[in-house]
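So this one's model.csv, CSV, C-alpha atoms:
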```
chain,number,residue,atom,x,y,z
X,1,MET,CA,122.0,104.5,89.8
X,2,ASN,CA,123.8,103.4,93.0
X,3,TYR,CA,122.1,102.6,96.3
X,4,ALA,CA,122.4,106.1,97.8
X,5,GLU,CA,121.0,107.7,94.6
X,6,MET,CA,118.1,105.2,94.6
X,7,LEU,CA,117.3,105.8,98.2
X,8,ASP,CA,117.5,109.5,97.7
X,9,SER,CA,115.1,109.3,94.7
X,10,ILE,CA,112.6,107.2,96.8
X,11,ILE,CA,112.7,109.8,99.6
X,12,VAL,CA,112.2,112.7,97.3
X,13,LYS,CA,109.2,111.0,95.7
X,14,SER,CA,107.7,110.3,99.1
X,15,ASN,CA,107.5,114.0,100.0
X,16,LEU,CA,108.3,113.0,103.6
X,17,SER,CA,110.9,114.6,105.8
X,18,LEU,CA,113.7,112.4,107.3
X,19,ARG,CA,112.1,112.8,110.7
X,20,GLN,CA,108.8,111.6,109.3
X,21,ILE,CA,110.5,108.6,107.7
X,22,ALA,CA,112.3,107.7,110.9
X,23,LYS,CA,109.0,107.9,112.8
X,24,ARG,CA,107.3,105.6,110.2
X,25,CYS,CA,110.2,103.1,110.5
X,26,ALA,CA,109.7,103.1,114.3
X,27,GLU,CA,106.1,102.1,113.7
X,28,LEU,CA,107.4,99.2,111.7
X,29,ASP,CA,109.7,98.1,114.5
X,30,LEU,CA,112.9,99.7,113.2
X,31,SER,CA,114.6,102.3,115.3
X,32,ILE,CA,116.8,104.6,113.2
X,33,THR,CA,117.6,108.3,113.3
X,34,PRO,CA,117.1,111.0,110.6
X,35,SER,CA,120.9,111.4,110.7
X,36,TYR,CA,121.4,107.7,109.8
X,37,ILE,CA,119.0,108.0,106.9
X,38,SER,CA,120.7,111.1,105.7
X,39,GLN,CA,124.1,109.4,105.7
X,40,LEU,CA,122.7,106.5,103.7
X,41,LYS,CA,121.1,108.7,101.0
X,42,ASN,CA,124.2,110.8,100.7
X,43,GLY,CA,126.5,107.7,100.3
X,44,LYS,CA,128.4,108.4,103.5
X,45,LEU,CA,127.5,104.9,104.8
X,46,PRO,CA,127.4,101.6,102.9
X,47,PRO,CA,124.0,100.0,102.1
X,48,PRO,CA,122.3,98.5,105.2
X,49,THR,CA,120.9,95.1,105.7
X,50,PRO,CA,118.0,93.9,103.4
X,51,GLU,CA,115.6,94.3,106.4
X,52,VAL,CA,116.5,97.9,106.8
X,53,SER,CA,116.2,98.6,103.1
X,54,MET,CA,112.8,96.9,103.0
X,55,ILE,CA,111.4,99.0,105.9
X,56,LEU,CA,112.8,102.2,104.5
X,57,ALA,CA,111.0,101.6,101.2
X,58,LYS,CA,107.8,100.7,103.0
X,59,ALA,CA,108.0,103.8,105.2
X,60,CYS,CA,108.3,105.9,102.0
X,61,ASN,CA,105.3,104.1,100.4
X,62,SER,CA,107.6,103.0,97.5
X,63,ASN,CA,107.0,100.2,95.1
X,64,GLU,CA,110.8,99.9,94.5
X,65,GLU,CA,111.5,97.8,97.6
X,66,SER,CA,113.0,94.8,95.7
X,67,LYS,CA,115.2,97.1,93.6
X,68,LEU,CA,116.6,98.9,96.7
X,69,ILE,CA,117.3,95.6,98.4
X,70,PHE,CA,119.0,94.1,95.3
X,71,GLN,CA,121.1,97.2,94.7
X,72,GLY,CA,122.3,97.1,98.3
X,73,TYR,CA,123.2,93.4,97.8
X,74,MET,CA,125.1,94.3,94.6
X,75,GLU,CA,127.2,96.9,96.2
X,76,LYS,CA,128.3,94.6,99.0
X,77,ALA,CA,128.7,91.4,96.8
X,78,PRO,CA,132.2,89.9,96.0
X,79,GLU,CA,133.9,91.8,93.1
X,80,VAL,CA,133.7,88.8,90.7
X,81,ILE,CA,129.9,88.6,91.1
X,82,LYS,CA,129.5,92.4,90.9
X,83,GLN,CA,131.4,92.5,87.6
X,84,TYR,CA,129.5,89.6,86.2
X,85,MET,CA,126.1,91.2,87.0
X,86,LEU,CA,127.2,94.6,85.6
X,87,ALA,CA,128.5,93.0,82.3
X,88,SER,CA,125.2,91.0,81.9
X,89,SER,CA,123.3,94.2,82.5
X,90,GLU,CA,125.2,96.1,79.9
X,91,LEU,CA,124.6,93.3,77.3
X,92,ASN,CA,120.9,93.3,78.1
X,93,LYS,CA,120.8,97.1,77.6
X,94,VAL,CA,122.4,96.7,74.2
X,95,MET,CA,119.7,94.1,73.3
X,96,LEU,CA,116.9,96.4,74.5
X,97,GLU,CA,118.3,99.3,72.5
X,98,ALA,CA,118.5,97.1,69.4
X,99,LEU,CA,114.9,95.9,69.8
X,100,TYR,CA,113.7,99.5,70.4
X,101,LYS,CA,115.4,100.6,67.2
X,102,SER,CA,114.0,97.7,65.2
X,103,GLU,CA,110.5,98.7,66.2
X,104,ASN,CA,111.1,102.4,65.6
X,105,ASN,CA,112.7,102.6,62.1
X,106,GLY,CA,116.2,102.6,63.5
X,107,HIS,CA,115.7,105.6,65.6
X,108,MET,CA,115.8,106.1,69.4
X,109,ALA,CA,114.9,109.3,71.3
X,110,ASP,CA,117.7,110.8,73.5
X,111,GLU,CA,115.4,110.5,76.5
X,112,ALA,CA,114.9,106.8,75.9
X,113,LYS,CA,118.7,106.3,75.6
X,114,GLU,CA,119.3,108.1,78.8
X,115,TYR,CA,116.6,106.0,80.5
X,116,LEU,CA,118.2,102.8,79.5
X,117,LYS,CA,121.7,104.0,80.5
X,118,LYS,CA,120.5,104.8,84.1
X,119,LEU,CA,118.4,101.6,84.4
X,120,ASP,CA,119.5,99.6,87.5
X,121,VAL,CA,120.7,96.0,87.2
X,122,LEU,CA,117.5,94.4,88.5
X,123,SER,CA,115.2,96.5,86.3
X,124,THR,CA,117.3,95.7,83.2
X,125,ILE,CA,117.0,91.9,84.0
X,126,GLU,CA,113.3,92.2,84.6
X,127,MET,CA,112.7,94.1,81.3
X,128,SER,CA,114.9,92.1,79.1
X,129,SER,CA,113.6,88.7,80.4
X,130,GLN,CA,110.2,89.6,79.0
X,131,TYR,CA,111.6,89.4,75.5
X,132,ILE,CA,113.7,86.2,75.8
X,133,LYS,CA,112.1,82.8,75.8
X,134,ASP,CA,113.9,79.4,75.4
X,135,GLY,CA,117.0,81.2,74.3
X,136,GLN,CA,115.2,83.1,71.5
X,137,ILE,CA,114.6,86.9,71.3
X,138,ASN,CA,110.9,87.7,70.8
X,139,LEU,CA,110.1,91.0,69.2
X,140,SER,CA,107.2,92.9,70.8
X,141,PRO,CA,105.5,96.0,69.6
X,142,ASP,CA,105.1,97.1,73.2
X,143,LEU,CA,108.8,97.5,74.0
X,144,ALA,CA,109.4,100.9,72.3
X,145,LYS,CA,106.1,102.2,73.8
X,146,LYS,CA,107.1,101.0,77.3
X,147,ILE,CA,110.6,102.6,77.2
X,148,THR,CA,109.2,105.8,75.7
X,149,LEU,CA,106.6,106.1,78.5
X,150,GLU,CA,108.9,105.3,81.3
X,151,SER,CA,111.6,107.7,80.0
X,152,GLY,CA,109.1,110.5,80.2
X,153,GLY,CA,108.0,110.5,76.6
X,154,VAL,CA,104.4,110.6,75.3
X,155,THR,CA,102.9,108.0,73.0
X,156,GLU,CA,99.8,108.2,70.8
X,157,ASP,CA,97.1,105.5,70.2
X,158,LYS,CA,93.8,106.2,68.5
X,159,ASN,CA,93.9,110.0,69.2
X,160,MET,CA,94.6,109.3,72.9
X,161,LEU,CA,98.0,110.2,74.4
X,162,SER,CA,99.6,108.3,77.2
X,163,LEU,CA,102.5,109.0,79.6
X,164,PHE,CA,104.2,107.5,82.7
X,165,LEU,CA,103.9,109.9,85.6
X,166,SER,CA,107.2,110.3,87.4
X,167,GLU,CA,106.3,113.5,89.4
X,168,PRO,CA,104.2,113.4,92.6
X,169,GLY,CA,102.3,116.7,92.2
X,170,MET,CA,98.9,115.1,91.9
X,171,SER,CA,99.2,112.6,94.8
X,172,PRO,CA,97.2,111.2,96.4
X,173,THR,CA,94.5,111.8,93.7
X,174,ILE,CA,96.7,110.3,91.0
X,175,PRO,CA,99.7,108.3,92.4
X,176,VAL,CA,103.2,108.7,91.1
X,177,HIS,CA,104.2,105.9,88.6
X,178,SER,CA,100.7,105.8,87.2
X,179,PHE,CA,100.1,105.5,83.4
X,180,ILE,CA,98.1,108.5,82.4
X,181,HIS,CA,95.6,108.7,79.5
X,182,ILE,CA,95.2,112.1,78.0
X,183,MET,CA,92.6,113.5,75.5
X,184,PRO,CA,93.8,116.4,73.4
X,185,THR,CA,91.3,119.1,74.3
X,186,ARG,CA,91.0,122.7,73.2
X,187,THR,CA,92.0,125.0,76.0
X,188,ASP,CA,88.9,127.1,75.7
X,189,LEU,CA,86.9,124.0,76.7
X,190,LEU,CA,88.8,123.4,79.9
X,191,LYS,CA,86.9,124.0,83.2
X,192,PRO,CA,88.2,124.9,86.6
X,193,ARG,CA,89.7,121.9,88.5
X,194,ASP,CA,90.3,119.9,85.3
X,195,ILE,CA,93.6,118.1,85.4
X,196,ILE,CA,95.9,118.7,82.4
X,197,ALA,CA,99.2,117.3,81.3
X,198,PHE,CA,102.0,119.6,80.0
X,199,TYR,CA,105.7,120.1,79.7
X,200,PRO,CA,106.6,123.1,81.9
X,201,PHE,CA,108.9,125.7,80.3
X,202,GLY,CA,110.8,123.4,78.0
X,203,LYS,CA,111.4,120.5,80.5
X,204,LYS,CA,111.6,117.0,79.2
X,205,GLN,CA,109.3,115.4,81.8
X,206,ALA,CA,105.6,115.9,81.5
X,207,ILE,CA,103.6,116.7,84.7
X,208,LEU,CA,100.0,117.1,85.8
X,209,ARG,CA,98.3,120.1,87.5
X,210,ARG,CA,94.7,121.3,88.1
X,211,VAL,CA,93.6,124.3,86.1
X,212,TYR,CA,92.1,127.4,87.8
X,213,PHE,CA,91.3,130.8,86.2
X,214,GLU,CA,91.8,133.9,88.4
X,215,ARG,CA,91.8,137.5,87.4
X,216,GLY,CA,93.1,137.0,83.9
X,217,LYS,CA,95.7,134.5,85.0
X,218,ILE,CA,95.9,130.7,84.7
X,219,LEU,CA,96.9,128.9,87.8
X,220,LEU,CA,98.2,125.3,87.6
X,221,LEU,CA,98.1,123.8,91.0
X,222,PRO,CA,99.3,120.5,92.5
X,223,ASP,CA,97.1,118.4,94.8
X,224,ASP,CA,100.0,117.5,97.2
X,225,LYS,CA,100.4,121.2,98.2
X,226,VAL,CA,104.2,121.1,98.1
X,227,SER,CA,105.1,120.6,94.4
X,228,GLU,CA,105.7,123.6,92.2
X,229,ILE,CA,102.8,126.0,91.3
X,230,PHE,CA,102.6,127.6,87.9
X,231,MET,CA,101.0,130.9,87.1
X,232,ILE,CA,100.8,131.8,83.4
X,233,GLU,CA,98.9,134.3,81.2
X,234,SER,CA,98.4,132.0,78.2
X,235,PHE,CA,98.7,128.2,77.5
X,236,ASP,CA,101.2,129.2,74.8
X,237,GLU,CA,103.7,129.5,77.7
X,238,ILE,CA,103.7,125.8,78.3
X,239,ASN,CA,103.8,122.8,76.0
X,240,TYR,CA,100.2,121.7,76.6
X,241,LEU,CA,99.3,118.1,75.9
X,242,GLY,CA,95.6,117.8,76.9
X,243,LYS,CA,93.1,116.9,79.6
X,244,VAL,CA,93.6,113.8,81.8
X,245,VAL,CA,90.7,111.5,81.4
X,246,SER,CA,91.9,108.3,83.2
X,247,TYR,CA,94.9,106.5,84.7
X,248,ARG,CA,96.0,103.1,85.7
X,249,ILE,CA,98.5,101.6,88.1
X,250,ASP,CA,100.4,98.4,87.2
X,251,LEU,CA,101.0,96.6,90.5
```
The structure in this file should be written as structure tokens.
Amino acid sequence: MNYAEMLDSIIVKSNLSLRQIAKRCAELDLSITPSYISQLKNGKLPPPTPEVSMILAKACNSNEESKLIFQGYMEKAPEVIKQYMLASSELNKVMLEALYKSENNGHMADEAKEYLKKLDVLSTIEMSSQYIKDGQINLSPDLAKKITLESGGVTEDKNMLSLFLSEPGMSPTIPVHSFIHIMPTRTDLLKPRDIIAFYPFGKKQAILRRVYFERGKILLLPDDKVSEIFMIESFDEINYLGKVVSYRIDL
């Protein structure tokens, strides 16, 4: 993921317009125009200074500030440094894939492979450094679970399901990037306003919505008022996972 793609992703997750972001930047003592932000996120301009990247991330309420700054530095760094960092990142991804497979009977889900492939350089370094100490690779039972969750997959532990929320539909009630805990619950026991997790219409990323029952229909509504609304006649139309019972945010 390059700088423009990373910034665009941050903006999409913020649910803010470019005009709103520019206004928030002004409140943080940075005067930029919506047009300038548009050119940055579309790759028509090179990455800005670290200060501009920092304020853009803050204006979007993003926790990916350091990643955005680092990616901007990477793209403007001398070619020899850029190639070295990219090569190191690829080696780390090979190591992470091997560790994942060693914990998962030699298998790796396609979603997990795609997640590692798209991982930016800084995230790769941060993740792989957790499993190397004093030049030795330390196996951890949490690696496969971590990658599975962050790639959009669902894990199971003692009859409780867990997933990493990458869609902002339940903000601000449940912030994006939260770890969600789900209890498999019979659909006939669900009550209006319960929050459920499901895969919509065959998509690979699980999402959350509140349940409402109206005139024989099932309405699945977001809290942010702008994300997609679903209206179904039966839970058989979605890949229902269960009822959300708690969540946590790793700061």
Could you tell me which of X:Ala77, X:Leu119, X:Ile196, X:Met54 comes closest to Met183 (chain X) if we count only C-alpha atoms?
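Selected residue with least distance to Met183 (chain X): X:Ile196.
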Do you know which residues are at most 10 Å from Asn15 (chain X) counting all atoms listed in the file, after dropping those on the same chain fewer than 4 positions away, and could you put them as a list in words?
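Contacts, in chain order: Ile10, Ile11, Gln20, Ile21, Cys60, Pro168, Gly169, Ser171, Asp224, Val226 and Ser227 of chain X.
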Let me make sure I understand: among X:Gly43, X:Glu111, X:Ile182, X:Ser123, which one has the smallest atom-to-atom distance to Lys203 (chain X) if we use only C-alpha atoms?
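For Lys203 (chain X), the nearest of the given residues is X:Glu111.
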Would you mind listing what lies within 12 Å of Thr173 (chain X) as a PDB file with C-alpha atoms, in the coordinates of the input, with all atoms listed in the file counted and same-chain residues fewer than 5 positions away left out?
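Written file, selection.pdb:
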```pdb
ATOM      1  CA  PRO X 168     104.200 113.400  92.600  1.00  0.00           C
ATOM      2  CA  SER X 178     100.700 105.800  87.200  1.00  0.00           C
ATOM      3  CA  ILE X 195      93.600 118.100  85.400  1.00  0.00           C
ATOM      4  CA  LEU X 208     100.000 117.100  85.800  1.00  0.00           C
ATOM      5  CA  ARG X 209      98.300 120.100  87.500  1.00  0.00           C
ATOM      6  CA  ARG X 210      94.700 121.300  88.100  1.00  0.00           C
ATOM      7  CA  PRO X 222      99.300 120.500  92.500  1.00  0.00           C
ATOM      8  CA  ASP X 223      97.100 118.400  94.800  1.00  0.00           C
ATOM      9  CA  ASP X 224     100.000 117.500  97.200  1.00  0.00           C
ATOM     10  CA  LYS X 225     100.400 121.200  98.200  1.00  0.00           C
ATOM     11  CA  SER X 246      91.900 108.300  83.200  1.00  0.00           C
ATOM     12  CA  TYR X 247      94.900 106.500  84.700  1.00  0.00           C
ATOM     13  CA  ARG X 248      96.000 103.100  85.700  1.00  0.00           C
TER      14      ARG X 248
END
```
May I have the residues within 9 Å of region 93-99 of chain X as a VMD selection string, using all atoms listed in the file and disregarding those fewer than 2 positions away in the same chain?
chain X and resid 88 to 91 101 to 104 106 108 112 to 113 116 to 117 119 124 127 to 128 131 139 to 140 143 to 144
Please dump the current selection as a PDB file, in the coordinates of the input; keep C-alpha atoms.
```pdb
ATOM      1  CA  SER X  88     125.200  91.000  81.900  1.00  0.00           C
ATOM      2  CA  SER X  89     123.300  94.200  82.500  1.00  0.00           C
ATOM      3  CA  GLU X  90     125.200  96.100  79.900  1.00  0.00           C
ATOM      4  CA  LEU X  91     124.600  93.300  77.300  1.00  0.00           C
ATOM      5  CA  LYS X 101     115.400 100.600  67.200  1.00  0.00           C
ATOM      6  CA  SER X 102     114.000  97.700  65.200  1.00  0.00           C
ATOM      7  CA  GLU X 103     110.500  98.700  66.200  1.00  0.00           C
ATOM      8  CA  ASN X 104     111.100 102.400  65.600  1.00  0.00           C
ATOM      9  CA  GLY X 106     116.200 102.600  63.500  1.00  0.00           C
ATOM     10  CA  MET X 108     115.800 106.100  69.400  1.00  0.00           C
ATOM     11  CA  ALA X 112     114.900 106.800  75.900  1.00  0.00           C
ATOM     12  CA  LYS X 113     118.700 106.300  75.600  1.00  0.00           C
ATOM     13  CA  LEU X 116     118.200 102.800  79.500  1.00  0.00           C
ATOM     14  CA  LYS X 117     121.700 104.000  80.500  1.00  0.00           C
ATOM     15  CA  LEU X 119     118.400 101.600  84.400  1.00  0.00           C
ATOM     16  CA  THR X 124     117.300  95.700  83.200  1.00  0.00           C
ATOM     17  CA  MET X 127     112.700  94.100  81.300  1.00  0.00           C
ATOM     18  CA  SER X 128     114.900  92.100  79.100  1.00  0.00           C
ATOM     19  CA  TYR X 131     111.600  89.400  75.500  1.00  0.00           C
ATOM     20  CA  LEU X 139     110.100  91.000  69.200  1.00  0.00           C
ATOM     21  CA  SER X 140     107.200  92.900  70.800  1.00  0.00           C
ATOM     22  CA  LEU X 143     108.800  97.500  74.000  1.00  0.00           C
ATOM     23  CA  ALA X 144     109.400 100.900  72.300  1.00  0.00           C
TER      24      ALA X 144
END
```
Could you list, as a ChimeraX atom specification, every residue within 10 Å of Pro47 (chain X), counting all atoms listed in the file and ignoring same-chain residues fewer than 2 positions away?
/X:2-4,7,40-41,43-45,49-50,52-53,68-69,71-76
Resulting file, chosen residues, C-alpha atoms, as a short mmCIF file (atom, residue, chain, number, x, y, z; two decimals), in the frame of the given file:
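Result written to again-v6.cif:
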```cif
data_model
loop_
_atom_site.label_atom_id
_atom_site.label_comp_id
_atom_site.auth_asym_id
_atom_site.auth_seq_id
_atom_site.Cartn_x
_atom_site.Cartn_y
_atom_site.Cartn_z
CA ASN X 2 123.80 103.40 93.00
CA TYR X 3 122.10 102.60 96.30
CA ALA X 4 122.40 106.10 97.80
CA LEU X 7 117.30 105.80 98.20
CA LEU X 40 122.70 106.50 103.70
CA LYS X 41 121.10 108.70 101.00
CA GLY X 43 126.50 107.70 100.30
CA LYS X 44 128.40 108.40 103.50
CA LEU X 45 127.50 104.90 104.80
CA THR X 49 120.90 95.10 105.70
CA PRO X 50 118.00 93.90 103.40
CA VAL X 52 116.50 97.90 106.80
CA SER X 53 116.20 98.60 103.10
CA LEU X 68 116.60 98.90 96.70
CA ILE X 69 117.30 95.60 98.40
CA GLN X 71 121.10 97.20 94.70
CA GLY X 72 122.30 97.10 98.30
CA TYR X 73 123.20 93.40 97.80
CA MET X 74 125.10 94.30 94.60
CA GLU X 75 127.20 96.90 96.20
CA LYS X 76 128.30 94.60 99.00
#
```
